[in-house]
>>> print(open('query.tsv').read())   # TSV, C-alpha atoms and all ligand atoms
chain	number	residue	atom	x	y	z
A	5	MET	CA	-165.01	-53.49	-15.34
A	6	SER	CA	-168.19	-54.64	-17.10
A	7	THR	CA	-170.51	-52.14	-18.77
A	8	PRO	CA	-174.29	-52.40	-18.32
A	9	GLU	CA	-174.44	-53.93	-21.81
A	10	GLU	CA	-171.86	-56.59	-20.89
A	11	LEU	CA	-173.74	-57.43	-17.70
A	12	ILE	CA	-176.99	-57.76	-19.64
A	13	ALA	CA	-175.21	-60.06	-22.12
A	14	ALA	CA	-173.94	-62.22	-19.24
A	15	ALA	CA	-177.45	-62.34	-17.77
A	16	ARG	CA	-178.83	-63.33	-21.15
A	17	GLN	CA	-176.33	-66.20	-21.35
A	18	ALA	CA	-177.20	-67.31	-17.79
A	19	ALA	CA	-180.92	-67.32	-18.63
A	20	ARG	CA	-180.30	-70.13	-21.09
A	21	ASN	CA	-179.95	-72.36	-18.00
A	22	ALA	CA	-183.21	-71.22	-16.46
A	23	TYR	CA	-185.14	-74.13	-14.98
A	24	ALA	CA	-188.69	-72.87	-15.45
A	25	PRO	CA	-190.91	-75.79	-16.54
A	26	TYR	CA	-193.94	-74.31	-14.74
A	27	SER	CA	-193.94	-70.59	-15.59
A	28	HIS	CA	-192.03	-70.98	-18.87
A	29	PHE	CA	-190.48	-67.60	-17.99
A	30	GLY	CA	-186.68	-67.63	-18.03
A	31	VAL	CA	-184.63	-65.13	-16.03
A	32	GLY	CA	-180.88	-64.61	-15.84
A	33	ALA	CA	-178.91	-62.39	-13.50
A	34	ALA	CA	-175.29	-61.27	-13.55
A	35	VAL	CA	-173.72	-59.72	-10.46
A	36	LEU	CA	-170.64	-57.55	-10.94
A	37	LEU	CA	-168.21	-57.50	-8.00
A	38	THR	CA	-165.84	-54.65	-7.19
A	39	ASP	CA	-162.84	-56.53	-8.62
A	40	GLY	CA	-164.57	-57.12	-11.97
A	41	THR	CA	-165.68	-60.69	-11.26
A	42	VAL	CA	-169.12	-61.54	-12.64
A	43	VAL	CA	-171.28	-64.15	-10.87
A	44	THR	CA	-174.41	-65.39	-12.62
A	45	GLY	CA	-177.63	-67.16	-11.75
A	46	ALA	CA	-180.84	-68.35	-13.37
A	47	ASN	CA	-184.29	-68.96	-11.96
A	48	PHE	CA	-184.73	-72.40	-10.42
A	49	GLU	CA	-188.35	-73.50	-10.11
A	50	ASN	CA	-189.78	-76.36	-8.09
A	51	ALA	CA	-192.80	-78.66	-8.38
A	52	SER	CA	-193.81	-77.17	-5.02
A	53	TYR	CA	-194.27	-73.82	-6.73
A	54	GLY	CA	-193.64	-71.59	-3.72
A	55	LEU	CA	-190.13	-72.99	-3.31
A	56	SER	CA	-189.00	-71.52	-6.63
A	57	LEU	CA	-185.92	-69.32	-6.55
A	58	CYS	CA	-185.44	-66.20	-8.67
A	59	ALA	CA	-182.34	-65.62	-10.76
A	60	GLU	CA	-181.21	-62.57	-8.77
A	61	THR	CA	-181.51	-64.43	-5.47
A	62	VAL	CA	-179.63	-67.46	-6.83
A	63	ALA	CA	-176.82	-65.21	-8.08
A	64	LEU	CA	-176.59	-63.24	-4.83
A	65	ALA	CA	-176.58	-66.43	-2.73
A	66	THR	CA	-173.67	-67.65	-4.86
A	67	VAL	CA	-171.88	-64.34	-4.30
A	68	ASN	CA	-172.40	-64.81	-0.57
A	69	ALA	CA	-171.13	-68.40	-0.75
A	70	GLN	CA	-167.93	-66.95	-2.17
A	71	GLY	CA	-167.65	-64.58	0.79
A	72	ARG	CA	-168.29	-61.56	-1.40
A	73	LEU	CA	-171.67	-60.20	-0.29
A	74	ALA	CA	-170.11	-56.84	0.63
A	75	ASP	CA	-168.51	-56.46	-2.80
A	76	VAL	CA	-171.51	-56.09	-5.11
A	77	ALA	CA	-171.03	-53.21	-7.57
A	78	ALA	CA	-173.93	-53.74	-10.01
A	79	ILE	CA	-176.47	-56.29	-11.21
A	80	GLY	CA	-177.82	-57.01	-14.68
A	81	VAL	CA	-181.04	-58.99	-15.11
A	82	ILE	CA	-183.08	-60.12	-18.10
A	83	GLY	CA	-186.14	-62.26	-18.53
A	84	GLY	CA	-188.85	-63.33	-20.87
A	85	PRO	CA	-191.12	-66.16	-21.98
A	86	ILE	CA	-189.12	-69.22	-22.97
A	87	GLY	CA	-189.14	-69.95	-26.69
A	88	PRO	CA	-187.33	-72.65	-28.69
A	89	LEU	CA	-183.93	-70.97	-28.18
A	90	GLY	CA	-184.39	-69.71	-24.63
A	91	PRO	CA	-186.04	-66.60	-23.20
A	92	GLU	CA	-187.43	-64.16	-25.76
A	93	GLY	CA	-189.37	-60.92	-25.88
A	94	ASP	CA	-188.57	-57.21	-25.74
A	95	GLN	CA	-190.10	-56.28	-22.37
A	96	PRO	CA	-187.44	-55.40	-19.75
A	97	VAL	CA	-187.91	-57.54	-16.64
A	98	SER	CA	-188.64	-55.90	-13.30
A	99	PRO	CA	-187.13	-57.54	-10.20
A	100	CYS	CA	-189.72	-59.04	-7.85
A	101	GLY	CA	-190.22	-57.69	-4.33
A	102	ARG	CA	-188.31	-60.50	-2.61
A	103	CYS	CA	-185.31	-60.00	-4.89
A	104	ARG	CA	-185.36	-56.27	-4.12
A	105	GLN	CA	-185.15	-57.11	-0.43
A	106	VAL	CA	-182.26	-59.52	-1.06
A	107	MET	CA	-180.48	-56.86	-3.14
A	108	ASN	CA	-180.97	-54.41	-0.27
A	109	GLU	CA	-179.12	-56.80	2.04
A	110	ALA	CA	-176.08	-56.70	-0.25
A	111	ALA	CA	-176.38	-52.93	-0.71
A	112	GLN	CA	-176.43	-52.20	3.03
A	113	VAL	CA	-173.73	-54.75	3.90
A	114	GLY	CA	-171.49	-53.32	1.19
A	115	GLY	CA	-172.39	-49.68	1.83
A	116	ARG	CA	-173.09	-49.28	-1.87
A	117	ASP	CA	-176.45	-48.28	-3.37
A	118	PHE	CA	-175.55	-50.13	-6.55
A	119	PRO	CA	-177.33	-49.93	-9.93
A	120	VAL	CA	-179.61	-52.68	-11.20
A	121	HIS	CA	-179.71	-52.83	-15.00
A	122	CYS	CA	-182.89	-54.43	-16.29
A	123	GLY	CA	-183.09	-55.65	-19.86
A	124	ALA	CA	-185.32	-57.75	-22.04
A	125	ALA	CA	-184.51	-61.18	-23.41
A	126	GLU	CA	-183.98	-59.55	-26.81
A	127	GLY	CA	-183.18	-56.00	-27.88
A	128	ASP	CA	-181.09	-53.15	-26.52
A	129	ALA	CA	-183.50	-51.51	-24.07
A	130	ILE	CA	-182.05	-51.18	-20.56
A	131	ALA	CA	-183.78	-49.57	-17.59
A	132	THR	CA	-181.51	-48.77	-14.65
A	133	TRP	CA	-182.52	-48.17	-11.04
A	134	THR	CA	-180.48	-48.09	-7.85
A	135	VAL	CA	-181.46	-50.48	-5.08
A	136	SER	CA	-182.90	-47.61	-3.01
A	137	GLU	CA	-185.03	-46.58	-5.98
A	138	LEU	CA	-186.33	-50.16	-6.28
A	139	LEU	CA	-187.02	-50.40	-2.54
A	140	PRO	CA	-187.39	-46.98	-0.94
A	141	GLY	CA	-187.25	-46.82	2.85
A	142	ALA	CA	-186.08	-50.42	3.02
A	143	PHE	CA	-185.89	-52.47	6.19
A	144	GLY	CA	-182.46	-54.04	6.44
A	145	PRO	CA	-179.50	-55.12	8.55
A	146	ARG	CA	-179.02	-51.53	9.69
A	147	ASP	CA	-182.39	-51.68	11.48
A	148	LEU	CA	-181.27	-54.73	13.45
A	149	GLY	CA	-177.96	-53.21	14.46
A	150	ALA	CA	-176.20	-55.85	12.35
A	151	LEU	CA	-173.88	-53.32	10.69
B	1	LIG	N1	-188.41	-64.45	-11.60
B	1	LIG	C1	-187.10	-64.18	-11.37
B	1	LIG	O1	-186.22	-65.05	-11.51
B	1	LIG	N2	-186.75	-62.92	-11.01
B	1	LIG	C2	-187.65	-61.90	-10.86
B	1	LIG	O2	-187.26	-60.83	-10.39
B	1	LIG	C3	-189.03	-62.07	-11.32
B	1	LIG	C4	-189.48	-63.48	-11.43
B	1	LIG	C5	-188.78	-65.82	-11.95
B	1	LIG	C6	-189.52	-66.57	-10.88
B	1	LIG	C7	-190.26	-67.61	-11.68
B	1	LIG	O3	-189.39	-68.71	-11.91
B	1	LIG	C8	-190.54	-66.92	-13.01
B	1	LIG	O4	-189.64	-65.81	-13.08
B	1	LIG	C9	-191.96	-66.41	-13.17
B	1	LIG	O5	-192.35	-65.67	-12.07
>>> encode(input="query.tsv", output="structure tokens", more="lines below")
Ligand code: THU
Amino acid sequence: MSTPEELIAAARQAARNAYAPYSHFGVGAAVLLTDGTVVTGANFENASYGLSLCAETVALATVNAQGRLADVAAIGVIGGPIGPLGPEGDQPVSPCGRCRQVMNEAAQVGGRDFPVHCGAAEGDAIATWTVSELLPGAFGPRDLGAL
């Protein structure tokens, strides 16, 4: 089972594949599943800016494509301005509102208010929140009778 530090390290590795030629801000996410599997994603921007996908959403869509949306146990995410060797900086990234909503989908489907570990591109600082702390009073599948 991965520690928060290991998840942040996996997210940091994933961020090296960030496609962010417009914002020059690279983000990586690592999703831990209940069996110890780690699924990663990086942000994927588009020339039509609004179509850009965040790292957390890319990773969770991949988890879903593997039939594992109900098995999310934790997420690690890092981000920072892209320098010569990839994302850099010591400011922990904060998941955007859309990603919080996508995380909530996995949390409700899995019945697990899982932790989200947020780190910086460099350094040891990690801030951890649960999904319900990131999105209190969330609207979700429960409200549509989908669970
Ligand atoms: N980004 C993410 O990948 N995740 C977040 O939670 C925050 C923002 C990406 C989107 C865009 O490619 C870049 O960071 C700047 O907003």
>>> atom_distance(input="query.tsv", atom1="atom CA of A:Phe143", atom2="atom CA of A:Gly30")
28.6 Å
>>> atom_distance(input="query.tsv", atom1="atom C3 of ligand LIG 1 (chain B)", atom2="atom CA of A:Ala69")
21.7 Å
>>> residues_near_ligand(input="query.tsv", ligand="ligand LIG 1 (chain B)", cutoff="7 Å", atoms="all atoms listed in the file", output="PyMOL selection string")
chain A and resi 24+27+29-32+46-49+56-60+98-100+103
>>> write_last_selection(input="query.tsv", atoms="C-alpha atoms", output="compact mmCIF listing (two decimals), keeping the file's coordinate frame")
# COMPACT_ATOMS: atom_id res chain seq x y z
CA ALA A 24 -188.69 -72.87 -15.45
CA SER A 27 -193.94 -70.59 -15.59
CA PHE A 29 -190.48 -67.60 -17.99
CA GLY A 30 -186.68 -67.63 -18.03
CA VAL A 31 -184.63 -65.13 -16.03
CA GLY A 32 -180.88 -64.61 -15.84
CA ALA A 46 -180.84 -68.35 -13.37
CA ASN A 47 -184.29 -68.96 -11.96
CA PHE A 48 -184.73 -72.40 -10.42
CA GLU A 49 -188.35 -73.50 -10.11
CA SER A 56 -189.00 -71.52 -6.63
CA LEU A 57 -185.92 -69.32 -6.55
CA CYS A 58 -185.44 -66.20 -8.67
CA ALA A 59 -182.34 -65.62 -10.76
CA GLU A 60 -181.21 -62.57 -8.77
CA SER A 98 -188.64 -55.90 -13.30
CA PRO A 99 -187.13 -57.54 -10.20
CA CYS A 100 -189.72 -59.04 -7.85
CA CYS A 103 -185.31 -60.00 -4.89
>>> atom_distance(input="query.tsv", atom1="atom CA of A:Thr38", atom2="atom CA of A:Gly114")
10.2 Å
>>> residues_around(input="query.tsv", residues="A:Arg116", least_positions_apart="6", cutoff="12 Å", atoms="all atoms listed in the file", output="list in words")
Leu37, Thr38, Leu73, Ala74, Asp75, Val76, Ala77, Ala78, Met107, Asn108, Glu109, Ala110, Thr134, Val135 and Ser136 of chain A
>>> residues_around(input="query.tsv", residues="A:Thr66", least_positions_apart="6", cutoff="10 Å", atoms="all atoms listed in the file", output="PDB file with C-alpha atoms, in the frame of the given file")
ATOM      1  CA  VAL A  35    -173.720 -59.720 -10.460  1.00  0.00           C
ATOM      2  CA  VAL A  43    -171.280 -64.150 -10.870  1.00  0.00           C
ATOM      3  CA  THR A  44    -174.410 -65.390 -12.620  1.00  0.00           C
ATOM      4  CA  GLY A  45    -177.630 -67.160 -11.750  1.00  0.00           C
ATOM      5  CA  GLU A  60    -181.210 -62.570  -8.770  1.00  0.00           C
ATOM      6  CA  ARG A  72    -168.290 -61.560  -1.400  1.00  0.00           C
ATOM      7  CA  LEU A  73    -171.670 -60.200  -0.290  1.00  0.00           C
TER       8      LEU A  73
END
>>> axis_aligned_box(input="query.tsv", around="stretch 22-39 of chain A", padding_each_side="3 Å", output="lines of an AutoDock Vina configuration file")
center_x = -178.4
center_y = -65.2
center_z = -13.0
size_x = 37.1
size_y = 27.1
size_z = 17.7
>>> closest_residue(input="query.tsv", among="A:Pro91, A:Gly54, A:Gly83, A:Pro96", to="A:Ala33", atoms="only C-alpha atoms")
A:Gly83
>>> residues_around(input="query.tsv", residues="A:Arg146", least_positions_apart="4", cutoff="9 Å", atoms="all atoms listed in the file", output="list in words")
Gln112, Val113, Ala150 and Leu151 of chain A
>>> closest_residue(input="query.tsv", among="A:Pro88, A:Gly115, A:Gly71, A:Gly101", to="A:Leu138", atoms="only C-alpha atoms")
A:Gly101
>>> closest_residue(input="query.tsv", among="A:Asn68, A:Thr41, A:Thr7, A:Asn21", to="A:Val106", atoms="all atoms listed in the file")
A:Asn68
>>> residues_around(input="query.tsv", residues="stretch 122-132 of chain A", least_positions_apart="3", cutoff="6 Å", atoms="all atoms listed in the file", output="count of residues only")
12
>>> closest_residue(input="query.tsv", among="A:Leu139, A:Ala34, A:Ile79, A:Ala22", to="A:Pro119", atoms="all atoms listed in the file")
A:Ile79
>>> closest_residue(input="query.tsv", among="A:Val42, A:Glu9, A:Gln105, A:His121", to="A:Gly144", atoms="all atoms listed in the file")
A:Gln105
>>> decode(input="query.tsv", residues="stretch 129-145 of chain A", atoms="all heavy atoms", output="mmCIF file, in the first residue's frame")
data_model
loop_
_atom_site.group_PDB
_atom_site.id
_atom_site.type_symbol
_atom_site.label_atom_id
_atom_site.label_comp_id
_atom_site.auth_asym_id
_atom_site.auth_seq_id
_atom_site.Cartn_x
_atom_site.Cartn_y
_atom_site.Cartn_z
ATOM 1 N N ALA A 129 6.603 19.288 1.390
ATOM 2 C CA ALA A 129 5.328 19.736 1.959
ATOM 3 C C ALA A 129 4.162 18.971 1.330
ATOM 4 O O ALA A 129 4.085 18.841 0.108
ATOM 5 C CB ALA A 129 5.150 21.227 1.724
ATOM 6 N N ILE A 130 3.295 18.437 2.183
ATOM 7 C CA ILE A 130 2.083 17.762 1.709
ATOM 8 C C ILE A 130 0.904 18.262 2.534
ATOM 9 O O ILE A 130 0.952 18.236 3.768
ATOM 10 C CB ILE A 130 2.171 16.220 1.848
ATOM 11 C CG1 ILE A 130 3.349 15.657 1.046
ATOM 12 C CG2 ILE A 130 0.865 15.568 1.390
ATOM 13 C CD1 ILE A 130 3.535 14.144 1.187
ATOM 14 N N ALA A 131 -0.142 18.713 1.847
ATOM 15 C CA ALA A 131 -1.385 19.081 2.527
ATOM 16 C C ALA A 131 -2.420 18.021 2.163
ATOM 17 O O ALA A 131 -2.558 17.659 0.990
ATOM 18 C CB ALA A 131 -1.849 20.460 2.064
ATOM 19 N N THR A 132 -3.090 17.498 3.173
ATOM 20 C CA THR A 132 -4.061 16.422 2.924
ATOM 21 C C THR A 132 -5.464 16.853 3.328
ATOM 22 O O THR A 132 -5.668 17.376 4.426
ATOM 23 C CB THR A 132 -3.660 15.154 3.710
ATOM 24 O OG1 THR A 132 -2.381 14.710 3.248
ATOM 25 C CG2 THR A 132 -4.671 14.033 3.506
ATOM 26 N N TRP A 133 -6.406 16.652 2.403
ATOM 27 C CA TRP A 133 -7.824 16.867 2.689
ATOM 28 C C TRP A 133 -8.586 15.635 2.226
ATOM 29 O O TRP A 133 -8.165 14.960 1.282
ATOM 30 C CB TRP A 133 -8.364 18.068 1.904
ATOM 31 C CG TRP A 133 -7.805 19.390 2.294
ATOM 32 C CD1 TRP A 133 -8.184 20.144 3.365
ATOM 33 C CD2 TRP A 133 -6.791 20.144 1.606
ATOM 34 N NE1 TRP A 133 -7.449 21.317 3.394
ATOM 35 C CE2 TRP A 133 -6.600 21.344 2.318
ATOM 36 C CE3 TRP A 133 -6.035 19.924 0.456
ATOM 37 C CZ2 TRP A 133 -5.675 22.319 1.928
ATOM 38 C CZ3 TRP A 133 -5.118 20.885 0.063
ATOM 39 C CH2 TRP A 133 -4.945 22.066 0.792
ATOM 40 N N THR A 134 -9.728 15.375 2.866
ATOM 41 C CA THR A 134 -10.629 14.355 2.312
ATOM 42 C C THR A 134 -11.464 15.010 1.219
ATOM 43 O O THR A 134 -11.541 16.250 1.130
ATOM 44 C CB THR A 134 -11.569 13.794 3.394
ATOM 45 O OG1 THR A 134 -12.401 14.866 3.857
ATOM 46 C CG2 THR A 134 -10.776 13.191 4.546
ATOM 47 N N VAL A 135 -12.104 14.178 0.412
ATOM 48 C CA VAL A 135 -12.943 14.724 -0.668
ATOM 49 C C VAL A 135 -14.048 15.599 -0.085
ATOM 50 O O VAL A 135 -14.340 16.680 -0.613
ATOM 51 C CB VAL A 135 -13.529 13.573 -1.524
ATOM 52 C CG1 VAL A 135 -14.531 14.111 -2.540
ATOM 53 C CG2 VAL A 135 -12.412 12.817 -2.227
ATOM 54 N N SER A 136 -14.658 15.176 1.028
ATOM 55 C CA SER A 136 -15.762 15.983 1.587
ATOM 56 C C SER A 136 -15.255 17.297 2.170
ATOM 57 O O SER A 136 -16.002 18.266 2.251
ATOM 58 C CB SER A 136 -16.544 15.197 2.636
ATOM 59 O OG SER A 136 -15.742 14.945 3.761
ATOM 60 N N GLU A 137 -13.993 17.339 2.560
ATOM 61 C CA GLU A 137 -13.418 18.627 2.988
ATOM 62 C C GLU A 137 -13.184 19.542 1.778
ATOM 63 O O GLU A 137 -13.330 20.755 1.877
ATOM 64 C CB GLU A 137 -12.105 18.405 3.743
ATOM 65 C CG GLU A 137 -12.315 17.838 5.143
ATOM 66 C CD GLU A 137 -11.025 17.412 5.824
ATOM 67 O OE1 GLU A 137 -10.031 17.082 5.128
ATOM 68 O OE2 GLU A 137 -11.013 17.384 7.065
ATOM 69 N N LEU A 138 -12.799 18.935 0.643
ATOM 70 C CA LEU A 138 -12.556 19.738 -0.562
ATOM 71 C C LEU A 138 -13.863 20.225 -1.180
ATOM 72 O O LEU A 138 -13.889 21.267 -1.833
ATOM 73 C CB LEU A 138 -11.791 18.907 -1.608
ATOM 74 C CG LEU A 138 -10.328 18.615 -1.310
ATOM 75 C CD1 LEU A 138 -9.769 17.641 -2.357
ATOM 76 C CD2 LEU A 138 -9.495 19.895 -1.291
ATOM 77 N N LEU A 139 -14.929 19.447 -0.985
ATOM 78 C CA LEU A 139 -16.213 19.798 -1.617
ATOM 79 C C LEU A 139 -17.358 19.509 -0.647
ATOM 80 O O LEU A 139 -18.106 18.534 -0.809
ATOM 81 C CB LEU A 139 -16.384 18.988 -2.917
ATOM 82 C CG LEU A 139 -17.448 19.500 -3.884
ATOM 83 C CD1 LEU A 139 -17.116 20.895 -4.407
ATOM 84 C CD2 LEU A 139 -17.608 18.527 -5.049
ATOM 85 N N PRO A 140 -17.505 20.359 0.373
ATOM 86 C CA PRO A 140 -18.549 20.105 1.369
ATOM 87 C C PRO A 140 -19.952 20.186 0.761
ATOM 88 O O PRO A 140 -20.183 21.005 -0.129
ATOM 89 C CB PRO A 140 -18.346 21.218 2.409
ATOM 90 C CG PRO A 140 -17.251 22.071 1.940
ATOM 91 C CD PRO A 140 -16.729 21.559 0.637
ATOM 92 N N GLY A 141 -20.822 19.339 1.231
ATOM 93 C CA GLY A 141 -22.216 19.367 0.771
ATOM 94 C C GLY A 141 -22.362 19.071 -0.702
ATOM 95 O O GLY A 141 -23.253 19.601 -1.367
ATOM 96 N N ALA A 142 -21.494 18.198 -1.214
ATOM 97 C CA ALA A 142 -21.444 17.970 -2.666
ATOM 98 C C ALA A 142 -22.720 17.383 -3.237
ATOM 99 O O ALA A 142 -23.398 16.579 -2.598
ATOM 100 C CB ALA A 142 -20.284 17.026 -2.985
ATOM 101 N N PHE A 143 -23.031 17.792 -4.457
ATOM 102 C CA PHE A 143 -24.051 17.142 -5.277
ATOM 103 C C PHE A 143 -23.393 15.935 -5.922
ATOM 104 O O PHE A 143 -22.248 16.032 -6.388
ATOM 105 C CB PHE A 143 -24.529 18.123 -6.359
ATOM 106 C CG PHE A 143 -25.518 17.541 -7.321
ATOM 107 C CD1 PHE A 143 -26.867 17.475 -6.990
ATOM 108 C CD2 PHE A 143 -25.119 17.071 -8.552
ATOM 109 C CE1 PHE A 143 -27.792 16.943 -7.888
ATOM 110 C CE2 PHE A 143 -26.031 16.534 -9.449
ATOM 111 C CZ PHE A 143 -27.376 16.472 -9.119
ATOM 112 N N GLY A 144 -24.085 14.810 -5.950
ATOM 113 C CA GLY A 144 -23.458 13.635 -6.542
ATOM 114 C C GLY A 144 -24.455 12.573 -6.929
ATOM 115 O O GLY A 144 -25.676 12.821 -6.901
ATOM 116 N N PRO A 145 -23.958 11.392 -7.276
ATOM 117 C CA PRO A 145 -24.829 10.307 -7.747
ATOM 118 C C PRO A 145 -25.929 9.953 -6.755
ATOM 119 O O PRO A 145 -27.022 9.539 -7.144
ATOM 120 C CB PRO A 145 -23.866 9.138 -7.976
ATOM 121 C CG PRO A 145 -22.572 9.529 -7.360
ATOM 122 C CD PRO A 145 -22.537 11.005 -7.301
#
